[in-house]
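> Enclosed is the structure file start_28.cif (mmCIF, C-alpha atoms).
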data_protein
loop_
_atom_site.label_atom_id
_atom_site.label_comp_id
_atom_site.auth_asym_id
_atom_site.auth_seq_id
_atom_site.Cartn_x
_atom_site.Cartn_y
_atom_site.Cartn_z
CA MET A 1 0.00 0.00 0.00
CA GLU A 2 2.79 2.38 1.02
CA ARG A 3 4.68 1.29 -2.12
CA LEU A 4 1.71 2.15 -4.31
CA ARG A 5 1.36 5.55 -2.63
CA GLN A 6 5.00 6.31 -3.27
CA LEU A 7 4.62 5.24 -6.89
CA ILE A 8 1.63 7.56 -7.38
CA ILE A 9 3.50 10.46 -5.77
CA PHE A 10 6.54 9.79 -7.93
CA PHE A 11 4.35 9.73 -11.05
CA PHE A 12 2.85 13.13 -10.27
CA LEU A 13 6.26 14.61 -9.43
CA PHE A 14 7.57 13.26 -12.73
CA LEU A 15 4.62 14.77 -14.63
CA THR A 16 5.17 18.13 -12.95
CA VAL A 17 8.87 18.22 -13.81
CA LEU A 18 8.07 17.19 -17.39
CA GLU A 19 5.53 19.95 -17.79
CA HIS A 20 7.81 22.56 -16.28
CA ALA A 21 10.51 21.53 -18.71
CA SER A 22 8.19 21.90 -21.71
CA SER A 23 6.94 25.30 -20.59
CA ALA A 24 10.48 26.58 -19.91
CA ARG A 25 10.11 29.15 -22.70
CA ILE A 26 7.16 30.76 -20.93
CA LEU A 27 9.20 31.13 -17.76
CA SER A 28 11.92 33.08 -19.56
CA ILE A 29 9.48 35.63 -21.02
CA ALA A 30 10.05 39.21 -19.89
CA ALA A 31 7.10 40.79 -18.06
CA LYS A 32 4.52 42.62 -20.20
CA PRO A 33 5.18 46.38 -20.04
CA ASP A 34 2.68 48.90 -18.72
CA ARG A 35 0.10 49.41 -21.46
CA HIS A 36 0.54 53.18 -21.32
CA ASP A 37 4.15 52.81 -22.48
CA ILE A 38 3.41 52.40 -26.18
CA ALA A 39 7.01 52.11 -27.41
CA ALA A 40 7.78 49.53 -24.71
CA SER A 41 4.67 47.52 -25.61
CA ALA A 42 5.58 47.41 -29.30
CA ARG A 43 9.23 46.53 -28.61
CA TRP A 44 8.18 43.82 -26.15
CA LEU A 45 6.01 42.12 -28.79
CA VAL A 46 8.96 42.14 -31.22
CA SER A 47 11.57 40.97 -28.71
CA GLN A 48 9.48 38.18 -27.16
CA ASN A 49 8.03 36.60 -30.29
CA ILE A 50 10.10 34.34 -32.55
CA TRP A 51 7.81 34.19 -35.61
CA GLY A 52 5.27 36.36 -37.40
CA VAL A 53 3.69 36.94 -40.79
CA LEU A 54 5.64 38.88 -43.41
CA SER A 55 3.49 40.35 -46.20
CA THR A 56 4.70 41.40 -49.64
CA LEU A 57 3.09 42.21 -52.98
CA SER A 58 2.75 38.99 -54.97
CA ILE A 59 4.33 38.82 -58.41
CA GLU A 60 2.55 35.52 -59.06
CA HIS A 61 -0.89 36.87 -58.10
CA ASN A 62 -0.76 40.18 -59.88
CA GLY A 63 0.06 42.44 -56.93
CA ALA A 64 -2.20 40.79 -54.35
CA PRO A 65 -0.91 40.93 -50.76
CA PHE A 66 0.91 37.71 -49.82
CA GLY A 67 1.39 36.93 -46.12
CA ASN A 68 3.96 34.29 -45.23
CA VAL A 69 4.83 32.70 -41.87
CA VAL A 70 8.51 33.41 -41.06
CA SER A 71 10.94 33.21 -38.17
CA TYR A 72 12.83 36.39 -37.20
CA SER A 73 14.92 38.07 -34.54
CA ASP A 74 15.53 41.68 -33.54
CA GLY A 75 18.66 40.88 -31.51
CA LEU A 76 20.16 38.79 -28.76
CA PRO A 77 17.76 38.06 -25.87
CA GLY A 78 17.31 41.25 -23.83
CA LYS A 79 19.39 43.22 -26.32
CA GLY A 80 17.09 43.68 -29.31
CA ASN A 81 17.07 46.86 -31.41
CA GLY A 82 13.44 46.59 -32.57
CA ILE A 83 14.33 45.91 -36.21
CA PRO A 84 13.08 42.52 -37.41
CA TYR A 85 15.76 40.53 -39.27
CA PHE A 86 14.86 37.58 -41.49
CA TYR A 87 16.79 34.72 -43.10
CA LEU A 88 15.21 34.20 -46.51
CA THR A 89 15.88 32.21 -49.66
CA ILE A 90 15.16 33.15 -53.24
CA LEU A 91 13.20 29.86 -53.45
CA ASP A 92 10.56 31.60 -51.30
CA PRO A 93 8.01 33.79 -53.15
CA THR A 94 8.25 36.42 -50.37
CA THR A 95 11.91 37.01 -51.21
CA ARG A 96 11.25 37.28 -54.95
CA ASN A 97 8.36 39.69 -54.29
CA ALA A 98 10.53 41.91 -52.05
CA LEU A 99 13.37 42.06 -54.57
CA LYS A 100 10.90 43.38 -57.14
CA ASP A 101 8.92 45.71 -54.84
CA SER A 102 10.27 46.18 -51.30
CA ARG A 103 6.97 47.36 -49.79
CA ALA A 104 6.16 44.97 -46.93
CA SER A 105 4.61 44.61 -43.50
CA PHE A 106 5.31 42.32 -40.58
CA ALA A 107 2.65 41.29 -38.06
CA VAL A 108 3.01 39.65 -34.65
CA SER A 109 0.51 38.74 -31.95
CA GLU A 110 0.78 38.52 -28.19
CA SER A 111 -0.97 35.17 -28.39
CA PRO A 112 2.16 32.97 -28.91
CA ILE A 113 3.87 34.65 -25.93
CA GLY A 114 1.26 33.07 -23.69
CA THR A 115 0.16 36.17 -21.78
CA CYS A 116 -3.24 36.78 -23.42
CA LYS A 117 -6.17 36.17 -21.17
CA ARG A 118 -8.89 36.77 -23.75
CA ASP A 119 -9.61 36.12 -27.44
CA PRO A 120 -6.61 36.74 -29.78
CA MET A 121 -8.61 39.59 -31.37
CA ASP A 122 -9.64 41.22 -28.10
CA PRO A 123 -7.80 44.56 -27.85
CA THR A 124 -6.22 43.49 -24.54
CA CYS A 125 -4.37 40.77 -26.47
CA SER A 126 -1.76 43.02 -28.13
CA LYS A 127 -0.98 42.95 -31.82
CA LEU A 128 1.52 44.85 -33.89
CA THR A 129 2.00 45.53 -37.59
CA LEU A 130 5.20 47.17 -38.77
CA THR A 131 4.94 48.58 -42.30
CA GLY A 132 8.04 49.45 -44.31
CA LYS A 133 10.58 48.15 -46.78
CA LEU A 134 12.02 44.65 -46.85
CA LEU A 135 15.69 45.13 -47.72
CA GLN A 136 18.50 42.65 -48.32
CA LEU A 137 21.59 43.33 -46.20
CA GLY A 138 25.01 43.48 -47.85
CA GLU A 139 26.92 40.22 -47.38
CA GLY A 140 29.68 40.70 -44.82
CA SER A 141 28.44 44.17 -43.77
CA ASP A 142 28.49 45.08 -40.08
CA GLU A 143 24.70 45.07 -39.88
CA GLU A 144 24.56 41.65 -41.57
CA LYS A 145 26.95 40.24 -38.95
CA VAL A 146 24.83 41.61 -36.08
CA ALA A 147 21.62 40.37 -37.73
CA LYS A 148 23.04 36.89 -38.37
CA LYS A 149 24.10 36.55 -34.74
CA ALA A 150 20.62 37.74 -33.66
CA LEU A 151 18.95 35.19 -35.96
CA PHE A 152 21.22 32.24 -35.17
CA THR A 153 20.93 32.81 -31.41
CA LYS A 154 17.14 32.72 -31.39
CA HIS A 155 16.92 30.14 -34.21
CA PRO A 156 19.95 27.83 -33.93
CA GLU A 157 18.44 25.51 -36.58
CA MET A 158 19.05 28.22 -39.20
CA MET A 159 22.77 27.46 -39.10
CA ASP A 160 22.00 24.02 -40.58
CA TRP A 161 19.64 25.17 -43.33
CA PRO A 162 20.77 23.93 -46.77
CA LYS A 163 23.66 26.00 -48.15
CA GLY A 164 22.38 25.40 -51.70
CA HIS A 165 19.22 27.41 -50.95
CA GLU A 166 21.31 30.57 -50.67
CA PHE A 167 19.66 32.06 -47.62
CA SER A 168 20.50 35.69 -47.00
CA VAL A 169 19.66 38.29 -44.37
CA PHE A 170 16.88 40.86 -44.84
CA LYS A 171 15.58 43.57 -42.54
CA LEU A 172 12.35 45.49 -42.34
CA GLU A 173 13.10 49.20 -42.54
CA ILE A 174 10.15 50.48 -40.52
CA ILE A 175 8.05 53.38 -41.83
CA ASN A 176 4.87 53.00 -39.77
CA ILE A 177 3.81 51.30 -36.54
CA PHE A 178 0.28 49.96 -35.96
CA LEU A 179 -0.17 48.76 -32.38
CA ILE A 180 -3.28 47.71 -30.52
CA ASN A 181 -2.61 46.89 -26.87
CA TRP A 182 -5.86 48.05 -25.24
CA TYR A 183 -9.33 49.33 -26.07
CA GLY A 184 -9.70 52.56 -28.04
CA GLY A 185 -8.13 51.76 -31.40
CA ALA A 186 -4.55 51.88 -32.66
CA LYS A 187 -2.05 53.58 -30.36
CA SER A 188 0.20 56.37 -31.55
CA VAL A 189 3.97 55.84 -31.57
CA THR A 190 6.56 57.21 -33.99
CA VAL A 191 9.30 55.07 -35.56
CA ASP A 192 11.83 57.24 -33.75
CA GLU A 193 10.23 56.66 -30.32
CA TYR A 194 10.05 52.94 -31.10
CA LEU A 195 13.69 52.64 -32.19
CA ARG A 196 15.09 54.85 -29.42
CA TYR A 197 13.42 52.75 -26.72
CA LYS A 198 16.08 50.86 -24.74
CA GLU A 199 15.25 47.24 -24.17
CA THR A 200 17.30 47.23 -20.95
CA LYS A 201 14.14 48.48 -19.25
CA VAL A 202 12.44 45.25 -20.29
CA ALA A 203 15.52 43.14 -19.60
CA SER A 204 15.46 44.15 -15.94
CA PHE A 205 12.33 42.04 -15.52
CA LEU A 206 14.17 38.91 -16.68
CA MET B 1 7.90 16.80 9.41
CA GLU B 2 5.09 14.58 8.09
CA ARG B 3 2.91 17.72 7.82
CA LEU B 4 5.55 19.46 5.71
CA ARG B 5 5.88 16.40 3.47
CA GLN B 6 2.11 16.35 2.92
CA LEU B 7 2.16 20.07 2.16
CA ILE B 8 4.90 19.62 -0.45
CA ILE B 9 3.05 16.71 -2.05
CA PHE B 10 -0.17 18.70 -2.11
CA PHE B 11 1.65 21.62 -3.71
CA PHE B 12 2.99 19.44 -6.52
CA LEU B 13 -0.38 17.79 -7.06
CA PHE B 14 -2.00 21.21 -7.26
CA LEU B 15 0.61 22.40 -9.79
CA THR B 16 0.04 19.30 -11.91
CA VAL B 17 -3.72 19.75 -12.00
CA LEU B 18 -3.28 23.44 -12.82
CA GLU B 19 -0.97 22.70 -15.70
CA HIS B 20 -3.22 20.00 -17.09
CA ALA B 21 -6.12 22.43 -17.00
CA SER B 22 -4.19 25.10 -18.91
CA SER B 23 -3.12 22.66 -21.61
CA ALA B 24 -6.67 21.37 -22.09
CA ARG B 25 -6.88 22.96 -25.55
CA ILE B 26 -3.95 20.89 -26.76
CA LEU B 27 -5.74 17.72 -25.71
CA SER B 28 -8.76 18.52 -27.89
CA ILE B 29 -6.70 19.05 -31.07
CA ALA B 30 -7.42 16.63 -33.92
CA ALA B 31 -4.43 14.52 -34.97
CA LYS B 32 -2.20 15.94 -37.71
CA PRO B 33 -3.03 14.30 -41.05
CA ASP B 34 -0.57 12.28 -43.12
CA ARG B 35 1.71 14.79 -44.83
CA HIS B 36 1.06 13.19 -48.22
CA ASP B 37 -2.62 14.18 -48.00
CA ILE B 38 -2.19 17.81 -49.06
CA ALA B 39 -5.85 18.84 -48.94
CA ALA B 40 -6.23 17.28 -45.48
CA SER B 41 -3.09 19.06 -44.22
CA ALA B 42 -4.32 22.45 -45.42
CA ARG B 43 -7.82 21.93 -44.03
CA TRP B 44 -6.39 20.75 -40.70
CA LEU B 45 -4.38 23.98 -40.31
CA VAL B 46 -7.52 26.03 -40.97
CA SER B 47 -9.82 23.99 -38.73
CA GLN B 48 -7.44 23.75 -35.74
CA ASN B 49 -6.18 27.34 -35.60
CA ILE B 50 -8.31 30.15 -34.17
CA TRP B 51 -6.30 33.17 -35.39
CA GLY B 52 -4.05 34.14 -38.28
CA VAL B 53 -2.84 37.16 -40.22
CA LEU B 54 -5.13 38.72 -42.82
CA SER B 55 -3.33 40.87 -45.41
CA THR B 56 -4.92 43.56 -47.56
CA LEU B 57 -3.67 46.45 -49.70
CA SER B 58 -3.31 49.52 -47.50
CA ILE B 59 -5.19 52.68 -48.48
CA GLU B 60 -3.27 54.63 -45.84
CA HIS B 61 0.15 53.44 -47.04
CA ASN B 62 -0.36 53.81 -50.75
CA GLY B 63 -1.04 50.19 -51.66
CA ALA B 64 1.56 48.57 -49.37
CA PRO B 65 0.59 45.12 -48.03
CA PHE B 66 -0.94 45.38 -44.56
CA GLY B 67 -1.03 42.21 -42.41
CA ASN B 68 -3.35 42.24 -39.41
CA VAL B 69 -3.81 39.69 -36.62
CA VAL B 70 -7.43 38.45 -36.64
CA SER B 71 -9.58 35.71 -35.15
CA TYR B 72 -11.54 33.51 -37.55
CA SER B 73 -13.50 30.29 -37.92
CA ASP B 74 -14.24 27.94 -40.81
CA GLY B 75 -17.10 26.19 -39.05
CA LEU B 76 -18.24 24.35 -35.97
CA PRO B 77 -15.56 22.13 -34.41
CA GLY B 78 -15.09 19.05 -36.63
CA LYS B 79 -17.52 20.46 -39.20
CA GLY B 80 -15.53 23.19 -40.95
CA ASN B 81 -15.90 23.91 -44.67
CA GLY B 82 -12.37 25.31 -45.17
CA ILE B 83 -13.55 28.87 -45.84
CA PRO B 84 -12.21 31.35 -43.26
CA TYR B 85 -14.91 33.66 -41.89
CA PHE B 86 -14.05 36.89 -40.06
CA TYR B 87 -15.95 39.34 -37.85
CA LEU B 88 -14.65 42.78 -38.80
CA THR B 89 -15.49 46.40 -38.08
CA ILE B 90 -15.15 49.40 -40.36
CA LEU B 91 -13.02 50.95 -37.58
CA ASP B 92 -10.30 48.47 -38.62
CA PRO B 93 -8.06 49.50 -41.56
CA THR B 94 -8.21 45.92 -42.92
CA THR B 95 -11.96 46.25 -43.45
CA ARG B 96 -11.66 49.64 -45.15
CA ASN B 97 -8.88 48.29 -47.39
CA ALA B 98 -10.94 45.26 -48.41
CA LEU B 99 -14.02 47.34 -49.23
CA LYS B 100 -11.88 49.37 -51.64
CA ASP B 101 -9.85 46.47 -53.11
CA SER B 102 -10.90 42.95 -52.10
CA ARG B 103 -7.53 41.30 -52.89
CA ALA B 104 -6.32 39.62 -49.71
CA SER B 105 -4.45 36.68 -48.24
CA PHE B 106 -4.76 34.81 -44.97
CA ALA B 107 -1.81 33.04 -43.32
CA VAL B 108 -1.78 30.49 -40.50
CA SER B 109 1.01 28.50 -38.87
CA GLU B 110 1.09 25.08 -37.23
CA SER B 111 3.02 26.65 -34.36
CA PRO B 112 0.00 27.78 -32.25
CA ILE B 113 -1.54 24.29 -32.54
CA GLY B 114 1.36 22.99 -30.47
CA THR B 115 2.43 20.10 -32.71
CA CYS B 116 5.64 21.61 -34.20
CA LYS B 117 8.79 19.90 -33.06
CA ARG B 118 11.23 22.24 -34.80
CA ASP B 119 11.64 25.93 -35.65
CA PRO B 120 8.41 27.67 -36.85
CA MET B 121 10.09 28.19 -40.24
CA ASP B 122 11.31 24.61 -40.61
CA PRO B 123 9.30 23.01 -43.44
CA THR B 124 8.09 20.25 -41.08
CA CYS B 125 6.24 22.97 -39.13
CA SER B 126 3.36 23.48 -41.59
CA LYS B 127 2.25 26.86 -42.84
CA LEU B 128 -0.54 27.91 -45.14
CA THR B 129 -1.39 31.03 -47.11
CA LEU B 130 -4.78 31.32 -48.77
CA THR B 131 -4.91 34.06 -51.41
CA GLY B 132 -8.22 35.39 -52.70
CA LYS B 133 -10.91 38.00 -52.20
CA LEU B 134 -12.13 39.31 -48.86
CA LEU B 135 -15.88 39.71 -49.30
CA GLN B 136 -18.59 41.04 -46.98
CA LEU B 137 -21.53 38.64 -46.53
CA GLY B 138 -25.06 39.90 -46.99
CA GLU B 139 -26.75 40.57 -43.63
CA GLY B 140 -29.29 37.87 -42.88
CA SER B 141 -28.16 35.66 -45.80
CA ASP B 142 -27.93 31.90 -45.26
CA GLU B 143 -24.14 31.97 -45.51
CA GLU B 144 -23.93 34.81 -42.99
CA LYS B 145 -26.00 32.78 -40.50
CA VAL B 146 -23.70 29.76 -40.89
CA ALA B 147 -20.59 31.94 -40.63
CA LYS B 148 -21.85 33.76 -37.53
CA LYS B 149 -22.56 30.47 -35.77
CA ALA B 150 -19.08 29.25 -36.77
CA LEU B 151 -17.46 32.44 -35.44
CA PHE B 152 -19.47 32.70 -32.22
CA THR B 153 -18.89 29.03 -31.36
CA LYS B 154 -15.10 29.28 -31.60
CA HIS B 155 -14.97 32.87 -30.30
CA PRO B 156 -17.82 33.30 -27.79
CA GLU B 157 -16.43 36.71 -26.77
CA MET B 158 -17.43 38.07 -30.21
CA MET B 159 -21.08 38.02 -29.12
CA ASP B 160 -20.25 40.74 -26.58
CA TRP B 161 -18.23 43.00 -28.89
CA PRO B 162 -19.59 46.58 -28.93
CA LYS B 163 -22.70 46.91 -31.11
CA GLY B 164 -21.71 50.47 -31.99
CA HIS B 165 -18.63 49.22 -33.85
CA GLU B 166 -20.88 47.64 -36.48
CA PHE B 167 -19.04 44.35 -36.85
CA SER B 168 -20.04 42.34 -39.89
CA VAL B 169 -19.12 38.98 -41.38
CA PHE B 170 -16.56 38.60 -44.17
CA LYS B 171 -15.22 35.53 -45.93
CA LEU B 172 -12.09 34.83 -47.91
CA GLU B 173 -13.09 33.56 -51.34
CA ILE B 174 -10.07 31.37 -52.04
CA ILE B 175 -8.27 31.61 -55.39
CA ASN B 176 -4.90 30.04 -54.56
CA ILE B 177 -3.45 27.78 -51.87
CA PHE B 178 0.19 27.95 -50.74
CA LEU B 179 1.03 25.13 -48.33
CA ILE B 180 4.36 24.00 -46.94
CA ASN B 181 4.08 20.89 -44.78
CA TRP B 182 7.37 19.13 -45.52
CA TYR B 183 10.68 19.63 -47.33
CA GLY B 184 10.66 20.25 -51.08
CA GLY B 185 8.86 23.57 -51.45
CA ALA B 186 5.18 24.47 -51.71
CA LYS B 187 2.79 21.56 -52.20
CA SER B 188 0.29 21.45 -55.01
CA VAL B 189 -3.43 21.46 -54.20
CA THR B 190 -6.30 23.01 -56.13
CA VAL B 191 -9.03 25.10 -54.50
CA ASP B 192 -11.52 22.46 -55.60
CA GLU B 193 -9.60 19.61 -53.93
CA TYR B 194 -9.26 21.75 -50.80
CA LEU B 195 -12.96 22.65 -50.60
CA ARG B 196 -14.22 19.18 -51.48
CA TYR B 197 -12.21 17.58 -48.67
CA LYS B 198 -14.55 16.30 -45.97
CA GLU B 199 -13.46 17.20 -42.48
CA THR B 200 -15.23 14.11 -41.09
CA LYS B 201 -12.00 12.25 -41.92
CA VAL B 202 -10.19 14.53 -39.50
CA ALA B 203 -13.05 14.54 -37.01
CA SER B 204 -12.78 10.77 -36.60
CA PHE B 205 -9.50 11.37 -34.77
CA LEU B 206 -11.25 13.51 -32.15
#
Could you quickly redo this structure as structure tokens?

Amino acid sequence: MERLRQLIIFFFLFLTVLEHASSARILSIAAKPDRHDIAASARWLVSQNIWGVLSTLSIEHNGAPFGNVVSYSDGLPGKGNGIPYFYLTILDPTTRNALKDSRASFAVSESPIGTCKRDPMDPTCSKLTLTGKLLQLGEGSDEEKVAKKALFTKHPEMMDWPKGHEFSVFKLEIINIFLINWYGGAKSVTVDEYLRYKETKVASFL
Amino acid sequence: MERLRQLIIFFFLFLTVLEHASSARILSIAAKPDRHDIAASARWLVSQNIWGVLSTLSIEHNGAPFGNVVSYSDGLPGKGNGIPYFYLTILDPTTRNALKDSRASFAVSESPIGTCKRDPMDPTCSKLTLTGKLLQLGEGSDEEKVAKKALFTKHPEMMDWPKGHEFSVFKLEIINIFLINWYGGAKSVTVDEYLRYKETKVASFL
């Protein structure tokens, strides 16, 4: 009887440890900023997410908008600069579209971060769309080196992606910021305010 | 000492129950279809997700693509028809864009479903982009009734969204399907094959 009890306890302990291990990512998430700090809220969404949807104008579909799920990084953990960097191949229509017409937008949701308490479209579940130009970085340039380190740190698998696919680094040069992080419509924040925000404020919560 | 031991055990049991409760959604997910069944894979991504990114051509930004995080539904659980329905307000730029130029695309990832084992951009982590026309459904029409039930069942909060915002139902009329669910580039599936697929095959896994 005592044996059985111990076995049951061990099983639950094991389950608990297992679940903690699988939710480790959640535990390393920086705290959500005060909703009144618009720049912080936008930067938090970009620094905490690891994927989003990158939209370009489709060559194949006569200029229709084409959204594509992509991984990205804006910097090393706790040291992001707010600029989303991507690792794209010419085999991907998004890349071909951008090389023809650089107009693009990049959208992320708070939902994957795990902090939303309501529906993904409820205004309290933040969402962000950065509109701008999707530009290829010069191979070997200083910015390309920083971006590659940012990408490979958050997405180590990228280092093993097939060499033959000729992946290269792109960035979104931001022109406009569309953020909803509470009721009352899109919040106002300039690109300058967004880029000048220092992530160290967020990092202190880590 | 025995008291403390009991307290610790109780704490771990409590944690376990809590974590099981929070992962309840994962448990109700239908099994991922065989990757060779392209129509099934695409339909599974649409039926199992509850949000994605809807891209339109921005009026405000001179025709740039504008991706926006939105909730959606393609039907009652296990009874979807593959057509994404949305509940949108004219206060949202996406709605205004679509009413001017209906060209749109809708992108979803396997990542939120919780079944990806690798990076969100690894080809084994499926992703889908439906390109087509974002059309407003006639108020009181049969399709609008079906769509509303589909939306309100998966997103009960929608029923309480402010009446003054004049939300109405839109659908994506699909013209092209872009699916990656394994290595080797986008998979080929026609709109007809996609729409004709019967979700009952998936539902049997429930």
> Specify as a PyMOL selection string all residues of chain A found within 8 Å of chain B, counting only C-alpha atoms.
chain A and resi 9+12-13+15-16+19+51+53-57+64-71+91+103-109+112+119-121+127-129+131+155+157+185
> I'd like the residues picked by the PyMOL selection byres ((chain B and resi 163-166) around 6) written out as a ChimeraX atom specification, using the chain letters and numbers from the file.
/B:89,162,167
> The selected residues should be written to file as a PDB file, keeping the file's coordinate frame (atoms: C-alpha atoms).

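Output contents, as saved in selection-v3.pdb:
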ATOM      1  CA  THR B  89     -15.490  46.400 -38.080  1.00  0.00           C
ATOM      2  CA  PRO B 162     -19.590  46.580 -28.930  1.00  0.00           C
ATOM      3  CA  PHE B 167     -19.040  44.350 -36.850  1.00  0.00           C
TER       4      PHE B 167
END
> Counting all atoms listed in the file, which of A:Leu76, A:Cys125, A:Cys116, A:Ile59 gets nearest to Thr94 (chain A)?
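Going through A:Leu76, A:Cys125, A:Cys116, A:Ile59 one by one, the smallest distance to Thr94 (chain A) is for A:Ile59.
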> Which value, in Å to one decimal, gives the distance between CA of Ala40 (chain B) and CA of Leu134 (chain B)?
23.1 Å
> To one decimal in Å, tell me the separation between CA of Lys148 (chain B) and CA of Val169 (chain B).
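Between CA of Lys148 (chain B) and CA of Val169 (chain B) the gap works out to 7.0 Å.
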> Excluding Ser41 (chain A) and any residue of its chain fewer than 2 positions from it, enumerate the residues within 12 Å of it, using all atoms listed in the file, and give them as a ChimeraX atom specification.
/A:30-39,43-48,82,109-110,124-128,177-182,187-189,193-194,197-199,201-202
> Between B:Ser73, B:Gln6, B:Asn49, B:Ser28, single out the one closest to Phe152 (chain B), counting all atoms listed in the file.
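Of all the options, B:Ser73 lies closest to Phe152 (chain B).
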> To one decimal in Å, tell me the separation between CA of Thr153 (chain A) and CA of Gly80 (chain A).
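We find that CA of Thr153 (chain A) and CA of Gly80 (chain A) lie 11.7 Å from each other.
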> Which residue out of A:Asp192, A:Ile113, A:Leu88, A:Asp142 has the minimum interatomic distance to Ser168 (chain A) when all atoms listed in the file are used?
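The shortest atom-to-atom distance to Ser168 (chain A) comes from A:Leu88.
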> Quick one: residues within 10 Å of (-22.8, 29.1, -45.9) (file frame), counting all atoms listed in the file, please, as JSON, numbers by chain.
{"B": [75, 81, 83, 85, 137, 141, 142, 143, 144, 145, 146, 147, 148, 150, 171]}
